[in-house]
2 protein chains.
Amino acid sequence: MADLLDFGGRPLMALLPERLRLRMTDAASTIRYASGETIHSRGDAKPGLSIVREGSVRFAIPGADGSYITSSILGPGQCFGEATLFAQLPRTHDAIAVEATAIDQITKSRFDRIFDEEPELARLFLEATTQRLYSVLDFMDDIRRLPLPLQTAKLIAAMARSAKQSRGVECNQSDLAFTLGVSRVSVGKALGRLQDEGVIQLGYGRIEIPDRILLEQWIADRSPLAPLAAS
Amino acid sequence: MADLLDFGGRPLMALLPERLRLRMTDAASTIRYASGETIHSRGDAKPGLSIVREGSVRFAIPGADGSYITSSILGPGQCFGEATLFAQLPRTHDAIAVEATAIDQITKSRFDRIFDEEPELARLFLEATTQRLYSVLDFMDDIRRLPLPLQTAKLIAAMARSAKQSRGVECNQSDLAFTLGVSRVSVGKALGRLQDEGVIQLGYGRIEIPDRILLEQWIADRSPLAPLAAS
DNA sequence: GACAGAATGCTAAAAAGTTAGCAATTGAAT
DNA sequence: ATTCAATTGCTAACTTTTTAGCATTCTGTC
């Protein structure tokens, strides 16, 4: 759960050299979404590549009973929709803007043209996709193995990291529960424990992190696996 | 959980045209492993591509307490080790032969040479990797959402399918528990329920499937999501 | 400053899963 | 036929999670 739910380490756009990045964005049309707006739904067939320009996107699968399970959240520079291009799959998840979000959309035909003309692109896509695959496998392992308080701590640490705010994160407990795929009561209990341990402090729609280093250390001390050497 | 734990739909080797498949196998050296033998361990750094020629391989991460969590099982034609080639990662999982297994090994240098000389290869790898990524996301969703009896039924159905035996599977309950990442007691309860429902019959080291269609139907009736259109 | 909506904190009962055993059954080897 | 190890079935206490609900606290708006 290196970066819980924000899979992929370096986002694709960070891997691309300047020239390719420009060529991709030139081929794209930008669409803006308000917070909570749906970008696409599970089952949509229209192929194309999407790149998060600003904001972030939550991917989830709706349950029969109205429940939602979040499978990932992608931020700026990350792309999605590869499966519609390379594996001829329809969209497998609902994509919803978490905040005001801008998406660069590239149609399949435009993408194919660039992809064919730029042989280096393939290897970069492979790097990004492979990294994402292994991040997901890692995350899956955490879900099955770690007790909820530890998962919760990791999520909070990751959110603080990705928001570049080390003092705390703006987030209510319902959203946390939703993201972790558990009930609000369970999250409440887990947060209570973390507060008892002194690594966070609960607020109203907000979680304070008194000492970022302490939190990271607390997590590291309880993680069953030594992290692999960073690459 | 289309194919629980046997991710990837069409294995890579099935996607390759004859000529490329031959070129790959020519570049490889075949290594044989006895059932239970370790192929590689988490953290091993030596890069290279591995292809399952015969048998099957279980991928798992060992826990601090000696527990193991299985993240996938790959069969003939599937490849692994892409992460060591494309993302410069060490091996993230222990790989263990489930039965007598033959692996085709290609060194990084040989692979790079083929990869550079055969431009079509990239798109095929992308297809295989993308498919695997989305299979894993799907599986993760099942783990978080489905009650254990349903997960168990899916696993048994997938095992029967992949072993091409519709009458039953050879498998003891401890192994099932190990694969599902839960305790033997829980698997026992889940199997008991499935037996009560009449979709399986328990034996000694064996699970009988009286009616394969009935089992598949039972699963479909209880699955919260309509499957996406097959591609 | 009062108010309304949002969010949290809490409770209690029920469901599901875990650990730690031990007894009974099975199948294979002697 | 007997023995033995593997496997299953079962129990009991414990932990975790869920559901459902309600009281309390907080915050932004009027």
# chains A, B, ... in the order shown; residues from 1 in each chain; ligands from 1

$ select_by_dssp --residues "range 65-222 of chain A" --states "strand (DSSP E)" --output "list in words"
Tyr68, Ile69, Thr70, Ser71, Ser72, Ile73, Leu74, Cys79, Phe80, Asp94, Ala95, Ile96, Ala97, Thr101, Ala102, Ile103, Asp104, Gln105, Ile106, Thr107, Gly168, Val169, Glu170, Gln201, Leu202, Arg206, Ile207 and Glu208 of chain A

$ write_last_selection --atoms "N, CA and C atoms" --output "CSV table (one decimal), in the first residue's frame"
chain,number,residue,atom,x,y,z
A,68,TYR,N,-20.7,1.1,-2.9
A,68,TYR,CA,-19.7,1.4,-3.8
A,68,TYR,C,-18.4,0.9,-3.3
A,69,ILE,N,-17.5,0.3,-4.1
A,69,ILE,CA,-16.2,-0.1,-3.6
A,69,ILE,C,-15.2,0.7,-4.5
A,70,THR,N,-14.3,1.5,-3.8
A,70,THR,CA,-13.3,2.2,-4.5
A,70,THR,C,-12.1,1.3,-4.8
A,71,SER,N,-11.7,1.3,-6.1
A,71,SER,CA,-10.5,0.5,-6.4
A,71,SER,C,-9.3,1.3,-6.6
A,72,SER,N,-9.4,2.6,-7.0
A,72,SER,CA,-8.3,3.4,-7.0
A,72,SER,C,-8.7,4.9,-7.1
A,73,ILE,N,-7.7,5.7,-6.9
A,73,ILE,CA,-7.9,7.2,-7.0
A,73,ILE,C,-6.6,7.7,-7.8
A,74,LEU,N,-6.8,8.3,-8.9
A,74,LEU,CA,-5.7,8.8,-9.7
A,74,LEU,C,-5.6,10.3,-9.7
A,79,CYS,N,-2.8,8.3,-16.2
A,79,CYS,CA,-3.8,8.1,-17.3
A,79,CYS,C,-4.6,6.9,-17.1
A,80,PHE,N,-5.8,6.8,-17.7
A,80,PHE,CA,-6.6,5.7,-17.6
A,80,PHE,C,-7.3,5.5,-19.0
A,94,ASP,N,-16.8,2.8,-12.8
A,94,ASP,CA,-17.3,4.2,-12.8
A,94,ASP,C,-16.1,5.1,-12.4
A,95,ALA,N,-16.1,6.2,-13.2
A,95,ALA,CA,-15.0,7.2,-12.8
A,95,ALA,C,-15.7,8.5,-12.4
A,96,ILE,N,-15.4,9.0,-11.3
A,96,ILE,CA,-16.0,10.2,-10.7
A,96,ILE,C,-15.0,11.2,-10.2
A,97,ALA,N,-15.2,12.5,-10.6
A,97,ALA,CA,-14.3,13.5,-10.2
A,97,ALA,C,-14.4,13.7,-8.7
A,101,THR,N,-12.0,18.9,-11.7
A,101,THR,CA,-11.0,18.1,-12.3
A,101,THR,C,-11.0,18.4,-13.9
A,102,ALA,N,-9.8,18.4,-14.4
A,102,ALA,CA,-9.7,18.5,-15.9
A,102,ALA,C,-9.1,17.3,-16.5
A,103,ILE,N,-9.7,16.7,-17.5
A,103,ILE,CA,-9.3,15.5,-18.1
A,103,ILE,C,-8.9,15.8,-19.6
A,104,ASP,N,-7.7,15.3,-20.0
A,104,ASP,CA,-7.3,15.4,-21.4
A,104,ASP,C,-7.8,14.1,-22.1
A,105,GLN,N,-8.6,14.3,-23.1
A,105,GLN,CA,-9.1,13.1,-23.8
A,105,GLN,C,-8.5,12.9,-25.2
A,106,ILE,N,-8.0,11.7,-25.4
A,106,ILE,CA,-7.5,11.5,-26.8
A,106,ILE,C,-8.3,10.3,-27.4
A,107,THR,N,-8.8,10.6,-28.6
A,107,THR,CA,-9.6,9.5,-29.2
A,107,THR,C,-8.7,8.4,-29.6
A,168,GLY,N,-2.2,17.7,8.2
A,168,GLY,CA,-3.5,17.0,8.3
A,168,GLY,C,-4.1,16.9,7.0
A,169,VAL,N,-5.3,16.2,7.0
A,169,VAL,CA,-6.0,16.1,5.7
A,169,VAL,C,-7.5,16.5,6.0
A,170,GLU,N,-8.1,17.1,4.9
A,170,GLU,CA,-9.5,17.4,5.0
A,170,GLU,C,-10.3,16.2,4.5
A,201,GLN,N,-5.0,13.2,15.4
A,201,GLN,CA,-6.0,13.8,16.2
A,201,GLN,C,-7.2,14.1,15.4
A,202,LEU,N,-8.4,13.7,15.9
A,202,LEU,CA,-9.6,13.8,15.1
A,202,LEU,C,-10.2,15.2,15.2
A,206,ARG,N,-11.9,16.6,9.4
A,206,ARG,CA,-10.5,16.9,9.3
A,206,ARG,C,-9.7,15.9,10.2
A,207,ILE,N,-8.6,15.5,9.8
A,207,ILE,CA,-7.7,14.7,10.7
A,207,ILE,C,-6.4,15.4,10.8
A,208,GLU,N,-6.0,15.7,12.0
A,208,GLU,CA,-4.7,16.4,12.2
A,208,GLU,C,-3.6,15.3,12.4

$ interface_residues --of "chain B" --to "chain D" --cutoff "10 Å" --atoms "only C-alpha atoms (C1' of nucleotides)" --output "JSON, numbers by chain"
{"B": [172, 173, 174, 185, 188, 189, 202, 203, 204, 205]}

$ interface_residues --of "chain C" --to "chain A" --cutoff "12 Å" --atoms "only C-alpha atoms (C1' of nucleotides)" --output "JSON, numbers by chain"
{"C": [6, 7, 8, 9, 10, 11]}

$ closest_atom_pairs --of "chain C" --to "range 130-149 of chain B" --cutoff "12 Å" --atoms "only C-alpha atoms (C1' of nucleotides)" --output "CSV"
residue,atom,partner,partner_atom,distance
C:DA15,C1',B:Pro147,CA,11.3
C:DA16,C1',B:Pro147,CA,9.1
C:DG17,C1',B:Leu148,CA,10.0

$ select_by_dssp --residues "range 41-206 of chain A" --states "alpha helix (DSSP H)" --output "ChimeraX atom specification"
/A:82-86,108-117,120-145,148-162,173-180,184-197

$ write_last_selection --atoms "C-alpha atoms" --output "mmCIF file, in the first residue's frame"
data_model
loop_
_atom_site.group_PDB
_atom_site.id
_atom_site.type_symbol
_atom_site.label_atom_id
_atom_site.label_comp_id
_atom_site.auth_asym_id
_atom_site.auth_seq_id
_atom_site.Cartn_x
_atom_site.Cartn_y
_atom_site.Cartn_z
ATOM 1 C CA GLU A 82 -5.587 1.845 -21.620
ATOM 2 C CA ALA A 83 -7.793 -1.212 -21.398
ATOM 3 C CA THR A 84 -10.125 0.227 -24.022
ATOM 4 C CA LEU A 85 -7.156 0.731 -26.323
ATOM 5 C CA PHE A 86 -4.979 -2.299 -25.790
ATOM 6 C CA LYS A 108 -8.585 6.030 -30.189
ATOM 7 C CA SER A 109 -7.801 6.973 -33.772
ATOM 8 C CA ARG A 110 -5.579 9.878 -32.770
ATOM 9 C CA PHE A 111 -3.892 7.796 -30.142
ATOM 10 C CA ASP A 112 -3.220 4.921 -32.518
ATOM 11 C CA ARG A 113 -1.605 7.309 -34.948
ATOM 12 C CA ILE A 114 0.758 8.687 -32.328
ATOM 13 C CA PHE A 115 1.441 5.240 -30.936
ATOM 14 C CA ASP A 116 2.432 3.925 -34.356
ATOM 15 C CA GLU A 117 4.619 6.882 -35.186
ATOM 16 C CA GLU A 120 9.461 4.725 -27.772
ATOM 17 C CA LEU A 121 5.970 5.233 -26.447
ATOM 18 C CA ALA A 122 5.312 1.498 -26.133
ATOM 19 C CA ARG A 123 8.053 0.899 -23.619
ATOM 20 C CA LEU A 124 6.952 3.845 -21.505
ATOM 21 C CA PHE A 125 3.383 2.617 -21.469
ATOM 22 C CA LEU A 126 4.637 -0.811 -20.512
ATOM 23 C CA GLU A 127 6.615 0.663 -17.662
ATOM 24 C CA ALA A 128 3.617 2.597 -16.365
ATOM 25 C CA THR A 129 1.200 -0.304 -16.710
ATOM 26 C CA THR A 130 3.540 -2.821 -15.151
ATOM 27 C CA GLN A 131 4.196 -0.532 -12.240
ATOM 28 C CA ARG A 132 0.500 -0.104 -11.730
ATOM 29 C CA LEU A 133 -0.110 -3.850 -11.878
ATOM 30 C CA TYR A 134 2.399 -4.486 -9.156
ATOM 31 C CA SER A 135 1.108 -1.630 -7.028
ATOM 32 C CA VAL A 136 -2.343 -3.153 -7.191
ATOM 33 C CA LEU A 137 -1.031 -6.591 -6.238
ATOM 34 C CA ASP A 138 0.712 -4.987 -3.305
ATOM 35 C CA PHE A 139 -2.408 -3.173 -2.266
ATOM 36 C CA MET A 140 -4.445 -6.356 -2.525
ATOM 37 C CA ASP A 141 -2.041 -8.012 -0.187
ATOM 38 C CA ASP A 142 -2.447 -5.211 2.347
ATOM 39 C CA ILE A 143 -6.223 -5.469 2.203
ATOM 40 C CA ARG A 144 -6.129 -9.130 3.017
ATOM 41 C CA ARG A 145 -3.473 -8.983 5.634
ATOM 42 C CA LEU A 148 -8.003 -1.975 9.738
ATOM 43 C CA PRO A 149 -6.243 0.594 11.950
ATOM 44 C CA LEU A 150 -3.033 0.034 10.010
ATOM 45 C CA GLN A 151 -4.801 0.288 6.658
ATOM 46 C CA THR A 152 -6.432 3.468 7.856
ATOM 47 C CA ALA A 153 -3.135 4.931 8.992
ATOM 48 C CA LYS A 154 -1.588 4.142 5.637
ATOM 49 C CA LEU A 155 -4.449 5.791 3.812
ATOM 50 C CA ILE A 156 -4.177 8.951 5.877
ATOM 51 C CA ALA A 157 -0.427 9.078 5.420
ATOM 52 C CA ALA A 158 -0.831 8.614 1.673
ATOM 53 C CA MET A 159 -3.463 11.327 1.476
ATOM 54 C CA ALA A 160 -1.286 13.734 3.387
ATOM 55 C CA ARG A 161 1.624 12.899 1.128
ATOM 56 C CA SER A 162 -0.319 13.320 -2.080
ATOM 57 C CA GLN A 173 -15.048 9.624 8.140
ATOM 58 C CA SER A 174 -17.780 8.565 5.724
ATOM 59 C CA ASP A 175 -15.493 9.211 2.782
ATOM 60 C CA LEU A 176 -12.702 7.281 4.448
ATOM 61 C CA ALA A 177 -15.035 4.335 5.012
ATOM 62 C CA PHE A 178 -16.154 4.529 1.420
ATOM 63 C CA THR A 179 -12.572 4.530 0.217
ATOM 64 C CA LEU A 180 -11.518 1.659 2.436
ATOM 65 C CA ARG A 184 -18.266 4.059 8.998
ATOM 66 C CA VAL A 185 -18.441 2.507 12.440
ATOM 67 C CA SER A 186 -15.338 0.443 11.768
ATOM 68 C CA VAL A 187 -13.430 3.433 10.509
ATOM 69 C CA GLY A 188 -14.528 5.359 13.560
ATOM 70 C CA LYS A 189 -13.150 2.666 15.818
ATOM 71 C CA ALA A 190 -9.916 2.449 13.884
ATOM 72 C CA LEU A 191 -9.465 6.225 14.019
ATOM 73 C CA GLY A 192 -10.197 6.159 17.727
ATOM 74 C CA ARG A 193 -7.403 3.690 18.230
ATOM 75 C CA LEU A 194 -5.009 5.739 16.166
ATOM 76 C CA GLN A 195 -5.886 8.753 18.268
ATOM 77 C CA ASP A 196 -5.301 6.771 21.454
ATOM 78 C CA GLU A 197 -1.913 5.852 20.093
#

$ atom_distance --atom1 "CA of Asp26 in chain B" --atom2 "CA of Gly81 in chain B"
18.0 Å
